[in-house]
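Heads up, my_file_14.tsv below (TSV, C-alpha atoms and all ligand atoms):
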```tsv
chain	number	residue	atom	x	y	z
A	1	MET	CA	4.58	23.87	-12.92
A	2	GLY	CA	6.49	24.61	-9.70
A	3	SER	CA	5.75	21.29	-8.01
A	4	VAL	CA	6.48	19.39	-11.21
A	5	VAL	CA	9.95	20.88	-11.43
A	6	LEU	CA	10.68	19.88	-7.81
A	7	ILE	CA	9.73	16.25	-8.44
A	8	VAL	CA	11.82	16.17	-11.60
A	9	ILE	CA	14.84	17.15	-9.56
A	10	ASN	CA	14.02	14.37	-7.11
A	11	THR	CA	13.82	11.68	-9.76
A	12	THR	CA	17.32	12.50	-10.96
A	13	GLY	CA	18.56	11.24	-7.60
A	14	LEU	CA	17.40	7.71	-8.46
A	15	THR	CA	19.72	5.01	-9.76
A	16	LEU	CA	18.96	3.62	-13.21
A	17	ASP	CA	17.50	0.45	-11.65
A	18	GLN	CA	15.20	2.52	-9.48
A	19	LEU	CA	14.20	4.67	-12.43
A	20	ALA	CA	13.50	1.62	-14.62
A	21	ASP	CA	11.37	0.22	-11.81
A	22	ALA	CA	9.43	3.48	-11.58
A	23	TRP	CA	8.88	3.48	-15.38
A	24	ARG	CA	7.51	-0.05	-15.26
A	25	HIS	CA	4.97	1.03	-12.68
A	26	VAL	CA	3.58	3.79	-14.87
A	27	HIS	CA	0.46	2.59	-16.70
A	28	ASP	CA	-2.69	3.86	-18.36
A	29	ALA	CA	-4.43	4.54	-15.03
A	30	SER	CA	-1.47	6.32	-13.39
A	31	ALA	CA	-2.15	9.73	-11.87
A	32	ALA	CA	-0.69	12.58	-13.90
A	33	ASP	CA	1.11	14.08	-10.92
A	34	GLU	CA	3.04	10.84	-10.49
A	35	ALA	CA	3.61	9.90	-14.13
A	36	ASP	CA	4.18	13.28	-15.81
A	37	PRO	CA	7.36	14.10	-13.83
A	38	LEU	CA	8.86	10.72	-14.78
A	39	VAL	CA	7.95	11.23	-18.44
A	40	LEU	CA	9.28	14.80	-18.47
A	41	ASP	CA	12.52	13.74	-16.81
A	42	CYS	CA	13.04	10.87	-19.25
A	43	ALA	CA	12.13	12.98	-22.29
A	44	ARG	CA	14.45	15.77	-21.17
A	45	ARG	CA	17.37	13.38	-20.89
A	46	LEU	CA	16.65	11.88	-24.30
A	47	ALA	CA	16.24	15.30	-25.91
A	48	ALA	CA	19.56	16.44	-24.44
A	49	ASP	CA	21.43	13.85	-26.53
A	50	PRO	CA	18.97	12.05	-28.81
A	51	GLY	CA	21.67	10.29	-30.82
A	52	GLY	CA	23.92	9.60	-27.85
A	53	GLU	CA	25.23	6.44	-26.27
A	54	GLN	CA	22.56	6.50	-23.55
A	55	ALA	CA	19.65	7.15	-25.91
A	56	HIS	CA	18.52	3.51	-25.74
A	57	VAL	CA	17.97	3.89	-21.98
A	58	TRP	CA	15.64	6.86	-22.32
A	59	VAL	CA	13.86	5.43	-25.37
A	60	SER	CA	13.24	2.31	-23.31
A	61	GLY	CA	11.80	4.47	-20.52
A	62	LEU	CA	9.36	6.21	-22.85
A	63	VAL	CA	8.36	2.89	-24.46
A	64	ALA	CA	7.71	1.50	-20.96
A	65	MET	CA	5.50	4.51	-20.19
A	66	SER	CA	3.74	4.56	-23.58
A	67	GLY	CA	0.62	2.93	-22.11
A	68	TYR	CA	0.20	6.04	-19.98
A	69	LEU	CA	1.19	8.37	-22.84
A	70	ALA	CA	-1.33	6.78	-25.20
A	71	TRP	CA	-4.24	7.45	-22.87
A	72	ARG	CA	-4.55	10.86	-21.19
A	73	PRO	CA	-1.13	12.21	-20.25
A	74	GLY	CA	-0.53	15.83	-19.32
A	75	GLN	CA	-0.12	17.89	-22.47
A	76	ALA	CA	3.42	18.99	-21.64
A	77	ALA	CA	4.51	15.42	-20.92
A	78	GLU	CA	3.00	14.15	-24.16
A	79	GLY	CA	4.60	16.92	-26.22
A	80	ALA	CA	8.01	16.45	-24.60
A	81	ALA	CA	7.91	12.67	-25.07
A	82	LEU	CA	6.92	12.93	-28.74
A	83	ASP	CA	9.56	15.59	-29.49
A	84	ALA	CA	12.29	13.57	-27.79
A	85	LEU	CA	11.29	10.30	-29.49
A	86	ARG	CA	11.16	11.98	-32.89
A	87	ALA	CA	14.57	13.56	-32.32
A	88	ALA	CA	15.99	10.16	-31.36
A	89	ALA	CA	14.41	8.44	-34.38
A	90	LYS	CA	16.00	11.08	-36.62
A	91	ALA	CA	19.41	11.05	-34.97
A	92	LEU	CA	19.70	7.26	-34.74
A	93	GLY	CA	17.66	6.03	-37.67
A	94	ASP	CA	20.16	6.67	-40.42
A	95	GLN	CA	23.32	5.52	-38.73
A	96	PRO	CA	24.93	2.83	-40.89
A	97	CYS	CA	25.14	-0.71	-39.54
A	98	ALA	CA	26.02	-4.21	-40.68
A	99	HIS	CA	22.70	-5.88	-39.77
A	100	ASP	CA	20.23	-7.23	-42.31
A	101	SER	CA	17.34	-6.76	-39.94
A	102	HIS	CA	16.58	-5.58	-36.42
A	103	PRO	CA	14.56	-7.18	-33.63
A	104	TYR	CA	11.87	-4.46	-33.58
A	105	GLU	CA	10.93	-5.34	-37.18
A	106	ALA	CA	10.08	-8.91	-36.22
A	107	GLU	CA	7.97	-7.56	-33.36
A	108	THR	CA	5.57	-5.61	-35.51
A	109	GLY	CA	3.96	-8.78	-36.88
A	110	LEU	CA	3.11	-9.71	-33.29
A	111	LEU	CA	2.54	-6.41	-31.59
A	112	GLU	CA	-0.77	-4.82	-30.88
A	113	ASP	CA	-0.58	-1.26	-29.60
A	114	GLU	CA	0.61	-2.54	-26.20
A	115	ILE	CA	4.30	-2.09	-26.96
A	116	TRP	CA	4.97	-1.46	-23.28
A	117	ARG	CA	4.38	-5.15	-22.52
A	118	GLY	CA	7.18	-7.68	-22.83
A	119	ASP	CA	10.93	-7.13	-22.87
A	120	ASN	CA	12.38	-5.25	-25.82
A	121	GLY	CA	15.90	-5.76	-24.45
A	122	LEU	CA	16.79	-2.07	-24.68
A	123	LEU	CA	17.92	-2.00	-21.04
A	124	THR	CA	19.64	-5.36	-20.99
A	125	GLY	CA	20.83	-5.95	-24.56
A	126	ALA	CA	24.50	-6.54	-25.44
A	127	LEU	CA	26.23	-3.36	-26.54
A	128	ALA	CA	27.57	-4.86	-29.77
A	129	GLY	CA	24.44	-6.74	-30.88
A	130	PRO	CA	21.50	-5.71	-33.04
A	131	VAL	CA	19.30	-4.94	-30.00
A	132	LEU	CA	21.24	-1.81	-29.10
A	133	CYS	CA	22.08	-0.97	-32.70
A	134	PRO	CA	21.05	2.67	-33.23
A	135	GLN	CA	18.65	1.58	-35.96
A	136	ASN	CA	16.85	-0.79	-33.59
A	137	VAL	CA	16.60	1.91	-30.93
A	138	ALA	CA	15.26	4.31	-33.58
A	139	GLY	CA	12.72	1.65	-34.60
A	140	TRP	CA	11.37	1.45	-31.05
A	141	ALA	CA	11.24	5.24	-30.85
A	142	ARG	CA	9.11	5.28	-34.02
A	143	LEU	CA	6.80	2.56	-32.70
A	144	ALA	CA	6.25	4.57	-29.51
A	145	VAL	CA	5.47	7.74	-31.51
A	146	ASP	CA	2.98	5.80	-33.62
A	147	VAL	CA	1.22	4.36	-30.58
A	148	ILE	CA	0.97	7.77	-28.86
A	149	ALA	CA	0.15	9.76	-32.02
A	150	PRO	CA	-0.94	7.34	-34.77
A	151	PHE	CA	0.02	8.05	-38.38
A	152	THR	CA	2.49	10.83	-37.55
A	153	VAL	CA	5.63	8.80	-38.23
A	154	ARG	CA	6.90	6.79	-41.20
A	155	ARG	CA	9.11	3.74	-41.65
A	156	ILE	CA	7.08	1.31	-39.54
A	157	PRO	CA	7.25	-2.22	-41.01
A	158	ALA	CA	3.84	-3.19	-42.39
A	159	GLY	CA	2.03	-6.22	-40.96
A	160	ALA	CA	-0.79	-6.41	-38.42
A	161	PRO	CA	-0.74	-9.20	-35.81
A	162	LYS	CA	-2.07	-12.55	-37.07
A	163	TYR	CA	-4.99	-12.44	-34.65
A	164	HIS	CA	-6.17	-9.15	-36.14
A	165	HIS	CA	-6.09	-10.59	-39.65
A	166	SER	CA	-8.15	-13.52	-38.44
A	167	ARG	CA	-10.72	-11.11	-36.93
A	168	ILE	CA	-10.86	-9.26	-40.26
A	169	ARG	CA	-11.57	-12.54	-42.07
A	170	SER	CA	-14.41	-13.59	-39.74
A	171	LEU	CA	-16.00	-10.17	-39.82
A	172	SER	CA	-15.63	-9.82	-43.57
A	173	GLY	CA	-17.97	-12.83	-43.89
A	174	ILE	CA	-20.54	-10.84	-41.96
A	175	VAL	CA	-20.18	-7.49	-43.69
A	176	ASN	CA	-20.24	-9.21	-47.11
A	177	ASP	CA	-23.35	-11.16	-46.11
A	178	TYR	CA	-21.96	-14.70	-46.10
A	179	PRO	CA	-21.06	-15.32	-42.45
A	180	TYR	CA	-19.28	-18.61	-41.79
A	181	VAL	CA	-19.51	-18.26	-38.03
A	182	ASP	CA	-22.54	-17.38	-35.90
A	183	PRO	CA	-22.86	-13.61	-36.44
A	184	HIS	CA	-24.73	-13.17	-33.16
A	185	GLU	CA	-21.83	-14.40	-31.05
A	186	GLU	CA	-19.28	-12.73	-33.25
A	187	LEU	CA	-20.89	-9.29	-33.07
A	188	ILE	CA	-21.48	-9.48	-29.31
A	189	ASP	CA	-17.81	-10.42	-28.82
A	190	GLU	CA	-16.76	-7.41	-30.89
A	191	ALA	CA	-19.14	-5.06	-29.11
A	192	THR	CA	-17.81	-6.02	-25.67
A	193	CYS	CA	-14.07	-6.07	-26.41
A	194	LEU	CA	-13.12	-2.43	-25.84
A	195	PRO	CA	-10.71	-1.89	-22.92
A	196	ASP	CA	-11.46	0.84	-20.35
A	197	ARG	CA	-8.56	2.99	-21.48
A	198	PRO	CA	-7.85	2.16	-25.10
A	199	THR	CA	-5.06	3.69	-27.15
A	200	ARG	CA	-6.23	6.12	-29.81
A	201	GLY	CA	-5.71	3.45	-32.47
A	202	VAL	CA	-7.67	0.78	-30.58
A	203	LEU	CA	-10.54	3.18	-29.83
A	204	ALA	CA	-10.72	4.34	-33.45
A	205	GLY	CA	-10.54	0.73	-34.66
A	206	TYR	CA	-13.36	-0.31	-32.36
A	207	LEU	CA	-15.68	2.46	-33.59
A	208	VAL	CA	-14.78	1.80	-37.22
A	209	THR	CA	-15.53	-1.94	-36.81
A	210	MET	CA	-18.88	-1.12	-35.15
A	211	ASN	CA	-19.69	1.10	-38.12
A	212	ALA	CA	-18.71	-1.53	-40.69
A	213	THR	CA	-20.92	-4.15	-39.06
A	214	CYS	CA	-23.92	-2.02	-38.02
A	215	TRP	CA	-25.85	-2.45	-41.28
A	216	TYR	CA	-25.83	-6.21	-40.74
A	217	ALA	CA	-26.76	-5.95	-37.05
A	218	ALA	CA	-29.64	-3.63	-37.90
A	219	SER	CA	-30.99	-5.94	-40.62
A	220	GLU	CA	-33.55	-8.73	-40.24
A	221	ARG	CA	-30.65	-11.23	-40.38
A	222	ILE	CA	-30.18	-10.68	-36.65
A	223	THR	CA	-32.77	-12.55	-34.60
A	224	ASP	CA	-31.59	-11.76	-31.07
A	225	ARG	CA	-31.86	-8.21	-29.83
A	226	ALA	CA	-28.96	-8.82	-27.46
A	227	VAL	CA	-26.69	-8.04	-30.45
A	228	LEU	CA	-28.21	-4.59	-30.94
A	229	ASP	CA	-28.25	-3.93	-27.19
A	230	ALA	CA	-24.57	-4.85	-26.84
A	231	MET	CA	-23.48	-2.77	-29.82
A	232	ILE	CA	-25.45	0.29	-28.74
A	233	LYS	CA	-24.10	0.00	-25.20
A	234	GLY	CA	-20.53	-0.47	-26.50
A	235	VAL	CA	-20.60	2.52	-28.86
A	236	GLU	CA	-22.26	4.73	-26.24
A	237	ALA	CA	-19.52	3.82	-23.76
A	238	ALA	CA	-16.78	4.45	-26.35
A	239	VAL	CA	-17.88	7.95	-27.39
A	240	PRO	CA	-16.95	9.72	-24.12
A	241	LEU	CA	-13.45	8.20	-24.40
A	242	LEU	CA	-12.84	10.19	-27.60
A	243	GLY	CA	-12.24	13.46	-25.83
A	244	ASP	CA	-12.83	16.67	-27.72
A	245	GLY	CA	-9.52	17.25	-29.47
A	246	PRO	CA	-9.75	19.68	-32.41
A	247	CYS	CA	-10.21	18.58	-36.01
A	248	THR	CA	-7.25	19.72	-38.11
A	249	HIS	CA	-8.59	18.49	-41.45
A	250	SER	CA	-10.13	20.27	-44.39
A	251	PRO	CA	-13.56	19.28	-45.66
A	252	GLY	CA	-13.46	15.95	-47.43
A	253	GLU	CA	-10.30	14.75	-45.69
A	254	HIS	CA	-12.09	12.39	-43.32
A	255	PRO	CA	-11.99	8.78	-44.49
A	256	ASP	CA	-14.67	7.40	-46.78
A	257	THR	CA	-16.42	4.60	-44.89
A	258	ARG	CA	-19.11	3.73	-47.43
A	259	ASP	CA	-17.57	0.38	-48.34
A	260	PRO	CA	-18.19	-1.89	-45.32
A	261	ASP	CA	-15.61	-4.42	-46.50
A	262	TYR	CA	-12.82	-1.87	-46.60
A	263	THR	CA	-14.05	-0.19	-43.41
A	264	ASN	CA	-14.01	-3.58	-41.70
A	265	GLN	CA	-10.37	-4.10	-42.67
A	266	ALA	CA	-9.41	-0.66	-41.45
A	267	GLY	CA	-11.20	-1.37	-38.15
A	268	TYR	CA	-8.60	-3.92	-37.16
A	269	LEU	CA	-5.61	-2.48	-39.02
A	270	LEU	CA	-6.02	0.69	-36.96
A	271	ARG	CA	-5.24	-1.21	-33.77
A	272	SER	CA	-1.51	-1.87	-34.21
A	273	PRO	CA	1.57	-0.07	-35.56
A	274	GLY	CA	2.07	-2.76	-38.24
A	275	GLY	CA	-1.62	-2.59	-39.20
A	276	ARG	CA	-1.52	1.20	-39.53
A	277	ALA	CA	1.55	0.77	-41.73
A	278	GLU	CA	-0.58	-1.52	-43.93
A	279	ILE	CA	-3.14	1.29	-44.24
A	280	ALA	CA	-0.35	3.74	-45.09
A	281	GLU	CA	0.92	1.35	-47.76
A	282	TYR	CA	-2.57	1.04	-49.20
A	283	TYR	CA	-2.79	4.82	-49.53
A	284	GLY	CA	0.66	4.88	-51.12
A	285	TRP	CA	2.41	6.80	-48.37
A	286	ASP	CA	6.02	7.32	-49.31
A	287	GLU	CA	7.85	5.40	-46.59
A	288	GLU	CA	11.17	7.12	-47.05
A	289	ASP	CA	10.05	10.70	-47.34
A	290	GLU	CA	9.28	11.85	-43.81
A	291	ASP	CA	8.59	15.41	-44.93
A	292	ASP	CA	6.22	14.59	-47.75
A	293	GLN	CA	3.15	16.73	-47.13
A	294	GLU	CA	1.37	15.64	-50.31
A	295	ASP	CA	0.11	12.33	-49.00
A	296	GLU	CA	-3.37	11.65	-47.66
A	297	PRO	CA	-3.72	12.86	-44.03
A	298	LEU	CA	-4.16	9.41	-42.55
A	299	ASP	CA	-4.39	10.73	-38.99
A	300	ALA	CA	-7.98	11.60	-39.95
A	301	TRP	CA	-8.72	7.94	-39.10
A	302	VAL	CA	-8.15	8.78	-35.42
A	303	CYS	CA	-9.62	12.31	-35.54
A	304	PRO	CA	-12.15	12.74	-32.69
A	305	ALA	CA	-14.49	14.80	-34.89
A	306	PHE	CA	-14.52	12.11	-37.58
A	307	LEU	CA	-15.10	9.40	-34.99
A	308	HIS	CA	-17.89	11.35	-33.24
A	309	ASP	CA	-19.71	11.63	-36.58
A	310	LEU	CA	-19.09	7.98	-37.38
A	311	ALA	CA	-20.41	6.90	-33.96
A	312	ASP	CA	-23.54	9.04	-34.46
A	313	GLU	CA	-24.14	7.35	-37.81
A	314	THR	CA	-23.59	3.91	-36.25
A	315	LEU	CA	-25.94	4.63	-33.34
A	316	ALA	CA	-28.63	5.93	-35.67
A	317	ALA	CA	-28.50	2.71	-37.72
A	318	LEU	CA	-28.50	0.50	-34.63
A	319	THR	CA	-31.37	2.39	-32.99
A	320	ALA	CA	-33.43	2.16	-36.17
A	321	GLY	CA	-32.67	-1.56	-36.24
A	322	LEU	CA	-33.82	-1.91	-32.65
A	323	ARG	CA	-37.08	-0.12	-33.46
A	324	SER	CA	-37.85	-2.42	-36.40
A	325	PHE	CA	-36.96	-5.37	-34.21
A	326	GLU	CA	-39.46	-4.24	-31.56
A	327	ALA	CA	-42.11	-3.48	-34.20
A	328	ALA	CA	-41.68	-6.95	-35.73
A	329	GLY	CA	-41.98	-8.51	-32.26
A	330	ALA	CA	-45.16	-6.53	-31.53
A	331	ALA	CA	-46.64	-7.51	-34.91
A	332	ALA	CA	-45.88	-11.19	-34.24
A	333	GLU	CA	-47.54	-11.00	-30.83
A	334	GLY	CA	-50.57	-9.11	-32.18
B	1	ZN	ZN	21.86	-2.56	-37.04
B	2	ZN	ZN	-10.68	15.74	-38.54
```
Kindly transcribe the structure held in the file into structure tokens.
Amino acid sequence: MGSVVLIVINTTGLTLDQLADAWRHVHDASAADEADPLVLDCARRLAADPGGEQAHVWVSGLVAMSGYLAWRPGQAAEGAALDALRAAAKALGDQPCAHDSHPYEAETGLLEDEIWRGDNGLLTGALAGPVLCPQNVAGWARLAVDVIAPFTVRRIPAGAPKYHHSRIRSLSGIVNDYPYVDPHEELIDEATCLPDRPTRGVLAGYLVTMNATCWYAASERITDRAVLDAMIKGVEAAVPLLGDGPCTHSPGEHPDTRDPDYTNQAGYLLRSPGGRAEIAEYYGWDEEDEDDQEDEPLDAWVCPAFLHDLADETLAALTAGLRSFEAAGAAAEG
């Protein structure tokens, strides 16, 4: 901790422009010893006055660094960022205002998990406008919490990006056995689309989609083994990214994935804040009641233990499919 504290003191000597520049350079592949001090510094300033006039500056910093925070940040940095963002969402979220809507709400229909891309205006917005309205700042704080720790925050406007809904439609043709596009190409595209350092939501979504489609890939409907090879390779590469975080659920709390059509929808809805809000709506989460403990523990969708089991099941189906494929080939040759 000693060296971390020293660097934190150093960063306070930076001007806001210099700090903002440093935040923009923090990304998923940043080294912890460079990124954690910036996160801790920013979170400390936000936590000191989470409903204050400067809160939008520090929220913007944590949003800018959320790509790093959603991958493998230091534990202390992650905890501090989440606490500060939650405190800001609480302190700012209920302040009355005269606006009918706020810019962050429009964003959720467009946004994948990469909320750190693009300009949310929090550093440059006009003081009187809706961009710096406390409710808009609170909205961004909630989006950042949801990207870093999916399903732990409420009041995210429902609506996955259009592209994700179009993926759900194409894939639903496949999982319901009436594909209207070439399933070979479609499944190979899906299998090879996982980024190197996905957010927890994107990684979970990928594995859930692979599970929803594996029965089809392993069936005799697939005539090119490249599909099976790509899916097996993709799932095998995804599993080590899960980490070994503990399972906090009771037996039976992991999602039911027996219906491939529903599982397919969840696969893409998991990959964005607005999509996860659609899942929450489906399960009847009470949007207004942040302390409601009665609702379904939806964070089970991103639980590493659940996803490890799901990946095992997927790999078993795909491997069995590959074996029948090889056996059929051998029979044809013989
Ligand atoms: Zn407002
Ligand atoms: Zn679990």
Surrounding residues of Glu78 in chain A excluding itself and chain neighbours under 2 positions, 9 Å, all atoms listed in the file, as a PyMOL selection string: chain A and resi 36+39-40+69-70+72-76+80-83+148
Point (-20.4, -3.5, -32.0), cut-off 7 Å, counting all atoms listed in the file, residues as number ranges by chain: A: 187-188, 190-191, 210, 230-231, 234-235
Rows by chain and residue number, chain A within 7 Å of ligand ZN 1 (chain B), shortest pair, all atoms listed in the file, as a Markdown table:
```
| residue | atom | partner | partner_atom | distance |
| --- | --- | --- | --- | --- |
| A:Cys97 | CA | B:ZN1 | ZN | 4.5 |
| A:Ala98 | CA | B:ZN1 | ZN | 5.8 |
| A:His99 | CA | B:ZN1 | ZN | 4.4 |
| A:Ser101 | CA | B:ZN1 | ZN | 6.8 |
| A:His102 | CA | B:ZN1 | ZN | 6.1 |
| A:Pro130 | CA | B:ZN1 | ZN | 5.1 |
| A:Cys133 | CA | B:ZN1 | ZN | 4.6 |
| A:Pro134 | CA | B:ZN1 | ZN | 6.5 |
| A:Gln135 | CA | B:ZN1 | ZN | 5.3 |
| A:Asn136 | CA | B:ZN1 | ZN | 6.3 |
```
Spatial neighbours of range 303-313 of chain A, 7 Å, all atoms listed in the file, chain gap at least 6 places, as a count of residues only: 11
Atom-to-atom span, CA of Trp58 in chain A and CA of Pro297 in chain A, Å: 29.7 Å
Interatomic distance (Å, one decimal) between CA of Ala141 in chain A and CA of Leu85 in chain A: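 Between these atoms lies a distance of 5.2 Å.
In terms of minimum interatomic distance to ligand ZN 2 (chain B), A:Pro255 ranks closest within A:Pro157, A:Pro273, A:Gly334, A:Pro255, counting all atoms listed in the file.
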For Leu318 in chain A: contacts at 8 Å, all atoms listed in the file, fewer than 3 positions along chain excluded, given as a PyMOL selection string: chain A and resi 214-215+217-218+228+231-232+314-315+321-322
Distance of CA of Phe151 in chain A from CA of Arg200 in chain A, expressed in Å to one decimal place: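 Taking CA of Arg200 in chain A as the start and CA of Phe151 in chain A as the end point, the length is 10.8 Å.
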Padding 8 Å on every side, please: axis-aligned box over the listed atoms of range 201-214 of chain A, centre and edge lengths to one decimal in Å, as JSON.
```
{"center_x": -14.8, "center_y": 0.1, "center_z": -35.3, "size_x": 34.2, "size_y": 24.5, "size_z": 26.9}
```
Mind checking which residues fall within 10 Å of Leu122 in chain A, counting only C-alpha atoms, ignoring those fewer than 6 positions away in the same chain, and posting them as a PDB file with C-alpha atoms, in the frame of the given file?
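In the end it all went to out23.pdb:
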```pdb
ATOM      1  CA  ALA A  55      19.650   7.150 -25.910  1.00  0.00           C
ATOM      2  CA  HIS A  56      18.520   3.510 -25.740  1.00  0.00           C
ATOM      3  CA  VAL A  57      17.970   3.890 -21.980  1.00  0.00           C
ATOM      4  CA  TRP A  58      15.640   6.860 -22.320  1.00  0.00           C
ATOM      5  CA  VAL A  59      13.860   5.430 -25.370  1.00  0.00           C
ATOM      6  CA  SER A  60      13.240   2.310 -23.310  1.00  0.00           C
ATOM      7  CA  GLY A  61      11.800   4.470 -20.520  1.00  0.00           C
ATOM      8  CA  VAL A  63       8.360   2.890 -24.460  1.00  0.00           C
ATOM      9  CA  VAL A 131      19.300  -4.940 -30.000  1.00  0.00           C
ATOM     10  CA  LEU A 132      21.240  -1.810 -29.100  1.00  0.00           C
ATOM     11  CA  CYS A 133      22.080  -0.970 -32.700  1.00  0.00           C
ATOM     12  CA  ASN A 136      16.850  -0.790 -33.590  1.00  0.00           C
ATOM     13  CA  VAL A 137      16.600   1.910 -30.930  1.00  0.00           C
ATOM     14  CA  TRP A 140      11.370   1.450 -31.050  1.00  0.00           C
TER      15      TRP A 140
END
```
Best match for closeness to ligand ZN 2 (chain B) among A:Leu38, A:Ala77, A:Leu298, A:Ala317, counting only C-alpha atoms and all ligand atoms: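 With only C-alpha atoms and all ligand atoms as the atom set, the closest residue is A:Leu298.
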Residue with smallest distance to ligand ZN 2 (chain B) - pool A:Ala330, A:Pro260, A:Pro246, A:Gly275, counting all atoms listed in the file: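 Closest to ligand ZN 2 (chain B) of all the choices is A:Pro246.
Using all atoms listed in the file, the smallest distance between any of A:Ala91, A:Val302, A:Val26, A:Ala332 and ligand ZN 2 (chain B) comes from A:Val302.
In this comparison, which uses only C-alpha atoms and all ligand atoms, the residue of A:Ala106, A:Val227, A:Ala300, A:Ala328 approaching ligand ZN 2 (chain B) most closely is A:Ala300.
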Range 175-185 of chain A surroundings by all atoms listed in the file, 8 Å radius, close-in-sequence under 6 positions cut, as number ranges by chain: A: 212-213, 215-216, 222, 224, 227, 260-261, 264
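Among the candidate residues A:Gly118, A:Gly51, A:Gly252, A:Gly125, the one lying nearest to ligand ZN 2 (chain B) is A:Gly252, with distances computed using only C-alpha atoms and all ligand atoms.
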